[in-house]
>>> print(open('model-v1.csv').read())   # CSV, C-alpha atoms and all ligand atoms
chain,number,residue,atom,x,y,z
A,1,GLU,CA,2.0,28.8,-55.3
A,2,ALA,CA,0.0,26.9,-52.7
A,3,THR,CA,1.3,26.5,-49.2
A,4,VAL,CA,0.3,23.6,-47.0
A,5,THR,CA,-0.6,24.6,-43.5
A,6,GLU,CA,0.1,22.1,-40.8
A,7,GLN,CA,-3.0,21.4,-38.9
A,8,ALA,CA,-2.9,21.1,-35.2
A,9,ILE,CA,-3.7,17.5,-34.2
A,10,PRO,CA,-6.0,17.5,-31.2
A,11,LYS,CA,-4.6,15.5,-28.2
A,12,VAL,CA,-6.9,12.6,-27.7
A,13,PRO,CA,-6.3,9.6,-25.5
A,14,THR,CA,-4.7,6.8,-27.5
A,15,LEU,CA,-5.5,4.1,-25.0
A,16,PRO,CA,-8.7,2.7,-23.7
A,17,ASP,CA,-9.4,3.8,-20.1
A,18,ALA,CA,-6.4,6.1,-20.4
A,19,GLN,CA,-5.2,8.2,-17.5
A,20,THR,CA,-2.3,10.7,-17.5
A,21,VAL,CA,0.7,10.5,-15.3
A,22,THR,CA,1.2,13.7,-13.1
A,23,HIS,CA,4.1,12.8,-10.8
A,24,VAL,CA,6.9,10.2,-10.7
A,25,LYS,CA,9.3,9.6,-7.8
A,26,HIS,CA,12.0,7.0,-7.7
A,27,TRP,CA,12.8,5.9,-4.1
A,28,THR,CA,15.5,3.3,-4.7
A,29,ASP,CA,16.8,1.4,-7.8
A,30,ARG,CA,14.0,-1.2,-7.0
A,31,LEU,CA,11.1,1.1,-6.0
A,32,PHE,CA,9.2,4.0,-7.4
A,33,SER,CA,5.8,5.7,-7.0
A,34,PHE,CA,3.7,7.7,-9.4
A,35,ARG,CA,0.5,9.7,-9.5
A,36,CYS,CA,-2.1,10.0,-12.3
A,37,THR,CA,-5.4,11.6,-13.1
A,38,ARG,CA,-8.5,9.9,-11.5
A,39,PRO,CA,-11.5,9.0,-13.7
A,40,ALA,CA,-14.3,11.3,-12.6
A,41,SER,CA,-16.6,8.2,-12.1
A,42,LEU,CA,-14.1,6.2,-10.0
A,43,ARG,CA,-15.3,5.6,-6.4
A,44,PHE,CA,-13.3,3.2,-4.3
A,45,ARG,CA,-12.8,2.1,-0.7
A,46,SER,CA,-9.4,2.8,0.9
A,47,GLY,CA,-7.3,-0.4,0.6
A,48,GLU,CA,-8.8,-1.6,-2.7
A,49,PHE,CA,-6.8,-2.3,-5.9
A,50,VAL,CA,-7.4,-1.8,-9.6
A,51,MET,CA,-6.0,-3.2,-12.8
A,52,ILE,CA,-3.5,-0.9,-14.4
A,53,GLY,CA,-0.9,-1.2,-17.2
A,54,LEU,CA,0.3,-0.3,-20.6
A,55,MET,CA,-0.5,-1.5,-24.2
A,56,GLY,CA,1.5,-4.6,-24.9
A,57,ASP,CA,3.4,-5.4,-28.1
A,58,THR,CA,0.6,-7.6,-29.3
A,59,GLY,CA,-1.8,-4.7,-29.2
A,60,ARG,CA,-3.5,-6.1,-26.1
A,61,PRO,CA,-3.3,-4.3,-22.8
A,62,LEU,CA,-0.8,-5.7,-20.3
A,63,LEU,CA,-2.5,-5.2,-16.9
A,64,ARG,CA,-1.6,-6.1,-13.3
A,65,ALA,CA,-3.4,-5.6,-10.0
A,66,TYR,CA,-2.1,-2.5,-8.1
A,67,SER,CA,-3.3,-1.3,-4.7
A,68,ILE,CA,-4.4,2.3,-4.8
A,69,ALA,CA,-2.0,4.0,-2.4
A,70,SER,CA,-3.9,7.3,-2.3
A,71,PRO,CA,-6.9,7.8,0.0
A,72,SER,CA,-10.4,7.9,-1.5
A,73,TRP,CA,-10.8,11.6,-0.9
A,74,ASP,CA,-7.7,12.5,-3.1
A,75,GLU,CA,-8.5,14.0,-6.5
A,76,GLU,CA,-5.6,12.0,-8.1
A,77,LEU,CA,-4.5,8.4,-7.8
A,78,GLU,CA,-1.2,7.2,-6.4
A,79,PHE,CA,0.6,3.8,-7.0
A,80,TYR,CA,3.7,2.4,-5.4
A,81,SER,CA,5.6,-0.1,-7.4
A,82,ILE,CA,8.6,-2.4,-7.6
A,83,LYS,CA,10.9,-2.3,-10.6
A,84,VAL,CA,11.8,-5.7,-12.0
A,85,GLN,CA,14.3,-5.5,-14.8
A,86,ASP,CA,12.8,-8.4,-16.7
A,87,GLY,CA,9.3,-8.0,-15.4
A,88,PRO,CA,6.8,-7.9,-18.3
A,89,LEU,CA,5.1,-4.7,-17.0
A,90,THR,CA,7.4,-3.0,-14.5
A,91,SER,CA,10.4,-3.2,-16.8
A,92,ARG,CA,8.4,-0.7,-18.9
A,93,LEU,CA,6.3,1.0,-16.2
A,94,GLN,CA,9.5,2.2,-14.4
A,95,HIS,CA,10.2,4.5,-17.4
A,96,LEU,CA,6.9,6.4,-17.0
A,97,ALA,CA,7.2,10.2,-17.2
A,98,VAL,CA,4.8,13.1,-16.5
A,99,GLY,CA,2.4,13.4,-19.4
A,100,ASP,CA,2.5,9.7,-20.3
A,101,GLU,CA,-0.7,7.6,-20.4
A,102,ILE,CA,-1.4,4.5,-18.5
A,103,ILE,CA,-4.4,2.2,-18.8
A,104,LEU,CA,-6.6,2.0,-15.7
A,105,ARG,CA,-9.7,-0.2,-15.5
A,106,PRO,CA,-12.0,1.6,-13.1
A,107,LYS,CA,-13.2,-1.5,-11.2
A,108,PRO,CA,-11.8,-1.4,-7.7
A,109,VAL,CA,-11.9,-4.6,-5.6
A,110,GLY,CA,-10.1,-6.1,-2.6
A,111,THR,CA,-10.3,-7.5,0.9
A,112,LEU,CA,-8.1,-4.9,2.8
A,113,VAL,CA,-11.2,-2.8,3.6
A,114,HIS,CA,-12.7,-1.7,6.9
A,115,ASP,CA,-16.0,-3.5,5.9
A,116,ALA,CA,-14.3,-6.9,6.1
A,117,LEU,CA,-13.4,-6.4,9.8
A,118,LEU,CA,-15.6,-6.5,12.9
A,119,PRO,CA,-15.3,-3.5,15.3
A,120,GLY,CA,-12.2,-3.6,17.6
A,121,LYS,CA,-10.0,-1.3,19.7
A,122,ARG,CA,-6.7,-1.6,17.9
A,123,ILE,CA,-5.8,-2.2,14.3
A,124,TRP,CA,-2.5,-3.6,13.0
A,125,PHE,CA,-1.3,-3.1,9.5
A,126,PHE,CA,1.4,-5.6,8.6
A,127,ALA,CA,3.4,-4.9,5.5
A,128,THR,CA,6.6,-6.0,3.7
A,129,GLY,CA,8.1,-4.2,0.7
A,130,THR,CA,5.5,-2.8,-1.7
A,131,GLY,CA,2.8,-4.3,0.5
A,132,PHE,CA,2.8,-0.9,2.2
A,133,ALA,CA,0.7,0.5,-0.7
A,134,PRO,CA,-2.8,-0.3,0.5
A,135,PHE,CA,-1.9,1.0,3.9
A,136,ALA,CA,-0.7,4.3,2.4
A,137,SER,CA,-4.4,4.7,1.4
A,138,LEU,CA,-5.9,3.4,4.7
A,139,LEU,CA,-3.5,5.5,6.9
A,140,ARG,CA,-4.7,8.7,5.1
A,141,ASP,CA,-8.4,7.7,5.6
A,142,PRO,CA,-10.0,9.5,8.6
A,143,GLN,CA,-12.2,6.4,9.1
A,144,THR,CA,-9.2,4.4,10.2
A,145,TYR,CA,-8.8,6.8,13.2
A,146,GLU,CA,-12.5,7.1,13.8
A,147,ASP,CA,-13.0,3.3,14.0
A,148,TYR,CA,-10.0,2.5,16.3
A,149,ASP,CA,-8.3,3.8,19.4
A,150,GLU,CA,-4.9,2.8,18.2
A,151,VAL,CA,-3.4,2.2,14.7
A,152,ILE,CA,-0.1,0.3,14.4
A,153,ILE,CA,1.7,0.0,11.0
A,154,THR,CA,4.7,-2.4,10.8
A,155,HIS,CA,6.8,-2.4,7.7
A,156,THR,CA,9.6,-4.9,7.1
A,157,CYS,CA,12.1,-4.3,4.2
A,158,ARG,CA,15.5,-5.6,3.4
A,159,GLU,CA,17.2,-2.2,3.4
A,160,VAL,CA,16.7,1.1,5.1
A,161,GLY,CA,16.2,2.9,1.8
A,162,GLU,CA,13.2,0.8,1.1
A,163,LEU,CA,11.4,2.3,4.1
A,164,ALA,CA,11.6,5.8,2.7
A,165,TYR,CA,8.3,5.9,1.0
A,166,GLY,CA,6.5,4.8,4.1
A,167,ALA,CA,8.5,6.9,6.5
A,168,GLU,CA,7.8,10.0,4.4
A,169,LEU,CA,4.2,9.3,4.2
A,170,ILE,CA,3.9,8.8,8.0
A,171,ASP,CA,5.7,12.1,8.5
A,172,GLY,CA,3.3,13.8,6.1
A,173,ILE,CA,0.3,12.4,8.1
A,174,ARG,CA,1.7,13.7,11.4
A,175,LYS,CA,2.0,17.1,9.8
A,176,ASP,CA,-1.4,17.1,8.2
A,177,GLU,CA,-3.7,19.5,10.1
A,178,LEU,CA,-7.0,17.6,9.5
A,179,LEU,CA,-5.6,14.1,10.2
A,180,ASN,CA,-3.6,15.4,13.1
A,181,GLU,CA,-6.7,16.4,14.8
A,182,LEU,CA,-8.0,12.8,14.7
A,183,ILE,CA,-4.7,11.2,15.5
A,184,GLY,CA,-3.3,13.4,18.2
A,185,ALA,CA,0.2,14.7,18.6
A,186,ASP,CA,3.4,13.0,19.8
A,187,ASN,CA,3.0,10.6,22.7
A,188,LEU,CA,-0.7,10.9,22.7
A,189,SER,CA,-0.8,9.9,19.0
A,190,LYS,CA,-3.1,7.0,18.0
A,191,LEU,CA,-0.7,6.2,15.1
A,192,ARG,CA,2.3,4.0,15.8
A,193,TYR,CA,4.9,3.3,13.2
A,194,TYR,CA,7.2,0.2,13.6
A,195,PRO,CA,9.7,-0.3,10.7
A,196,THR,CA,12.2,-3.1,10.7
A,197,THR,CA,15.0,-4.1,8.3
A,198,THR,CA,16.4,-7.6,7.7
A,199,ARG,CA,19.6,-7.1,5.6
A,200,GLU,CA,20.9,-3.7,6.6
A,201,GLU,CA,21.6,-2.2,10.0
A,202,SER,CA,18.7,-0.1,11.5
A,203,PRO,CA,17.4,0.7,15.0
A,204,ARG,CA,15.1,-2.4,14.7
A,205,MET,CA,16.4,-5.4,13.0
A,206,GLY,CA,14.7,-8.6,11.9
A,207,ARG,CA,11.5,-9.9,10.5
A,208,ILE,CA,8.3,-8.7,12.1
A,209,THR,CA,7.2,-12.3,12.5
A,210,ASP,CA,10.2,-13.2,14.6
A,211,ARG,CA,9.8,-10.1,16.7
A,212,MET,CA,6.2,-11.1,17.3
A,213,ARG,CA,7.1,-14.6,18.4
A,214,SER,CA,9.8,-13.2,20.8
A,215,GLY,CA,7.3,-10.7,22.1
A,216,GLU,CA,9.6,-7.8,21.3
A,217,VAL,CA,7.0,-6.0,19.2
A,218,PHE,CA,4.6,-5.8,22.1
A,219,THR,CA,7.1,-4.7,24.7
A,220,ASP,CA,8.6,-2.1,22.3
A,221,LEU,CA,5.2,-0.6,21.7
A,222,GLY,CA,4.0,-1.1,25.3
A,223,VAL,CA,0.8,-3.0,24.2
A,224,GLU,CA,-0.8,-6.2,25.3
A,225,PRO,CA,-0.2,-9.2,23.0
A,226,ILE,CA,-2.8,-9.6,20.2
A,227,SER,CA,-6.2,-10.9,21.2
A,228,PRO,CA,-9.4,-11.5,19.3
A,229,GLU,CA,-11.3,-9.2,21.8
A,230,ASN,CA,-9.2,-6.1,21.1
A,231,ASP,CA,-7.1,-6.5,18.0
A,232,ARG,CA,-7.8,-6.4,14.2
A,233,ALA,CA,-5.3,-6.9,11.5
A,234,MET,CA,-4.7,-6.3,7.8
A,235,VAL,CA,-1.8,-8.1,6.1
A,236,CYS,CA,-0.1,-7.3,2.8
A,237,GLY,CA,3.3,-8.7,1.7
A,238,ASN,CA,5.1,-11.4,-0.1
A,239,LEU,CA,3.5,-14.9,-0.1
A,240,ALA,CA,5.8,-16.5,2.5
A,241,PHE,CA,5.2,-13.5,4.9
A,242,ASN,CA,1.5,-13.6,4.4
A,243,LEU,CA,1.4,-17.3,5.3
A,244,GLU,CA,3.5,-16.9,8.4
A,245,ILE,CA,1.5,-13.9,9.7
A,246,LYS,CA,-1.7,-15.8,9.1
A,247,GLU,CA,-0.5,-18.7,11.2
A,248,LEU,CA,0.6,-16.2,14.0
A,249,LEU,CA,-2.8,-14.4,13.9
A,250,GLU,CA,-4.7,-17.6,14.0
A,251,GLY,CA,-2.6,-18.6,16.9
A,252,TYR,CA,-3.7,-15.5,18.8
A,253,GLY,CA,-7.3,-16.5,18.0
A,254,LEU,CA,-8.1,-14.2,15.2
A,255,ARG,CA,-10.2,-15.4,12.2
A,256,GLU,CA,-9.9,-14.4,8.5
A,257,GLY,CA,-12.7,-12.2,7.3
A,258,ALA,CA,-14.1,-11.1,4.0
A,259,ASN,CA,-16.3,-8.4,2.6
A,260,SER,CA,-19.4,-10.5,3.0
A,261,ASP,CA,-18.3,-12.1,6.3
A,262,PRO,CA,-16.3,-9.6,8.5
A,263,LYS,CA,-14.0,-11.1,11.2
A,264,GLU,CA,-10.8,-10.2,12.9
A,265,TYR,CA,-8.1,-10.1,10.1
A,266,VAL,CA,-7.7,-9.9,6.3
A,267,VAL,CA,-4.8,-10.7,3.9
A,268,GLU,CA,-3.8,-9.7,0.4
A,269,LYS,CA,-0.7,-10.5,-1.6
A,270,ALA,CA,1.5,-7.6,-2.5
A,271,PHE,CA,2.1,-7.2,-6.2
A,272,VAL,CA,5.2,-8.9,-7.8
A,273,ASP,CA,5.8,-8.5,-11.5
B,301,LIG,P1,14.4,-11.4,4.6
B,301,LIG,O1,15.4,-10.4,4.1
B,301,LIG,O2,14.8,-12.1,5.8
B,301,LIG,O3,14.0,-12.4,3.5
B,301,LIG,P2,11.1,-9.2,-0.4
B,301,LIG,O4,11.8,-7.9,-0.8
B,301,LIG,O5,11.9,-10.4,-0.7
B,301,LIG,O6,9.7,-9.3,-0.8
B,301,LIG,O7,11.1,-9.2,1.2
B,301,LIG,C1,10.6,-8.0,1.9
B,301,LIG,C2,10.9,-8.3,3.4
B,301,LIG,O8,10.0,-9.3,3.8
B,301,LIG,C3,12.3,-8.7,3.7
B,301,LIG,O9,12.8,-7.9,4.8
B,301,LIG,C4,12.2,-10.1,4.0
B,301,LIG,O10,13.1,-10.6,5.0
B,301,LIG,C5,10.8,-10.2,4.6
B,301,LIG,N1,10.2,-11.6,4.6
B,301,LIG,C6,10.3,-12.5,3.6
B,301,LIG,N2,9.7,-13.6,3.9
B,301,LIG,C7,9.2,-13.4,5.2
B,301,LIG,C8,8.5,-14.3,6.1
B,301,LIG,N3,8.1,-15.5,5.8
B,301,LIG,N4,8.1,-13.7,7.3
B,301,LIG,C9,8.5,-12.5,7.6
B,301,LIG,N5,9.2,-11.7,6.8
B,301,LIG,C10,9.5,-12.1,5.6
>>> encode(input="model-v1.csv", output="structure tokens", more="lines below")
Ligand code: A2P
Amino acid sequence: EATVTEQAIPKVPTLPDAQTVTHVKHWTDRLFSFRCTRPASLRFRSGEFVMIGLMGDTGRPLLRAYSIASPSWDEELEFYSIKVQDGPLTSRLQHLAVGDEIILRPKPVGTLVHDALLPGKRIWFFATGTGFAPFASLLRDPQTYEDYDEVIITHTCREVGELAYGAELIDGIRKDELLNELIGADNLSKLRYYPTTTREESPRMGRITDRMRSGEVFTDLGVEPISPENDRAMVCGNLAFNLEIKELLEGYGLREGANSDPKEYVVEKAFVD
């Protein structure tokens, strides 16, 4: 009697541009981050984004622009995402598990890069919500501390829990031996972190824009108000926030730059599904 031997099916990627998920962490019911393998050929500048996604029901890839949250030296890629229950992509992406595949088009682009800014003394990173992602990359890039005397990251979220990803990342940077050498310890640190919340009690309440207008940000941090001589800025948040910050920065005399035309500030919209 003949027996049929089951043949091992080799594991081959089933998606075009497939990468494999290596870590998933849920921060709140609205936020999660994940890591995946990095294509060997992918080079990018800290702050850039790529198109990532899943295969859609129609057999066509469903892709969205996501900032790479990991630094360019990291052997894996990291992404920080919102979960929208009826969002075409994030309603599915939030269920990613280790070993799953995602589609990643290896063509990084974006304006939140050091090349788009003229040299300066101090750099401000202004983020709301998941707009923290490109700064998670830039804050882990040694060039950020080599180029500037002072690095200030502000993060405004509705609730305290939404600050956790950023707060943990900053903590990790302060404990990292190599980065620590560039940044300096404690009150000599080049890196300043300024979180605020708008809908839950925390040590610093209110929108960053309001705290800039009132001057509180500058007195709290003990720095001069923003000037085109000293200060550079990168902005990433929701649309209304981006527009408001732009107006403020223009008011201080800063001009919007681009890759091909570096100036004093750059802006990019945070991803919303
Ligand atoms: P607020 O709670 O006052 O709307 P979201 O989760 O909706 O993207 O918002 C993230 C954070 O950005 C919230 O704390 C929100 O504050 C804040 N925000 C929204 N619009 C603006 C704006 N025009 N200027 C400054 N902060 C803003």
>>> residues_near_ligand(input="model-v1.csv", ligand="ligand LIG 301 (chain B)", cutoff="12 Å", atoms="all atoms listed in the file", output="ChimeraX atom specification")
/A:30-31,81-84,126-132,154-163,195-202,204-213,235-248,269-273
>>> atom_distance(input="model-v1.csv", atom1="atom CA of A:Pro39", atom2="atom CA of A:Ile68")
13.2 Å
>>> residues_around(input="model-v1.csv", residues="stretch 103-110 of chain A", least_positions_apart="2", cutoff="7 Å", atoms="only C-alpha atoms", output="count of residues only")
16
>>> atom_distance(input="model-v1.csv", atom1="atom CA of A:Glu150", atom2="atom CA of A:Ala164")
22.8 Å
>>> atom_distance(input="model-v1.csv", atom1="atom CA of A:Trp73", atom2="atom CA of A:Gly257")
25.2 Å
>>> closest_residue(input="model-v1.csv", among="A:Ser67, A:Thr111, A:Gln143, A:Thr20", to="A:Ala233", atoms="only C-alpha atoms")
A:Thr111
>>> closest_residue(input="model-v1.csv", among="A:Leu117, A:Val217, A:Leu96, A:Ile183", to="A:Glu146", atoms="all atoms listed in the file")
A:Ile183
>>> residues_around(input="model-v1.csv", residues="A:Arg174", least_positions_apart="6", cutoff="9 Å", atoms="all atoms listed in the file", output="list in words")
Asn180, Ile183, Gly184, Ala185, Asp186, Ser189 and Leu191 of chain A
>>> closest_residue(input="model-v1.csv", among="A:Tyr148, A:Tyr165, A:Phe34, A:Arg140", to="A:Glu177", atoms="all atoms listed in the file")
A:Arg140
>>> residues_around(input="model-v1.csv", residues="A:Met55", least_positions_apart="5", cutoff="9 Å", atoms="only C-alpha atoms", output="PyMOL selection string")
chain A and resi 15+60-63+102-103
>>> closest_residue(input="model-v1.csv", among="A:Ala116, A:Leu249, A:Val98, A:Leu138", to="A:Gly47", atoms="all atoms listed in the file")
A:Leu138
>>> closest_residue(input="model-v1.csv", among="A:Ile152, A:Ala65, A:Leu169, A:Ala258", to="A:Tyr194", atoms="all atoms listed in the file")
A:Ile152
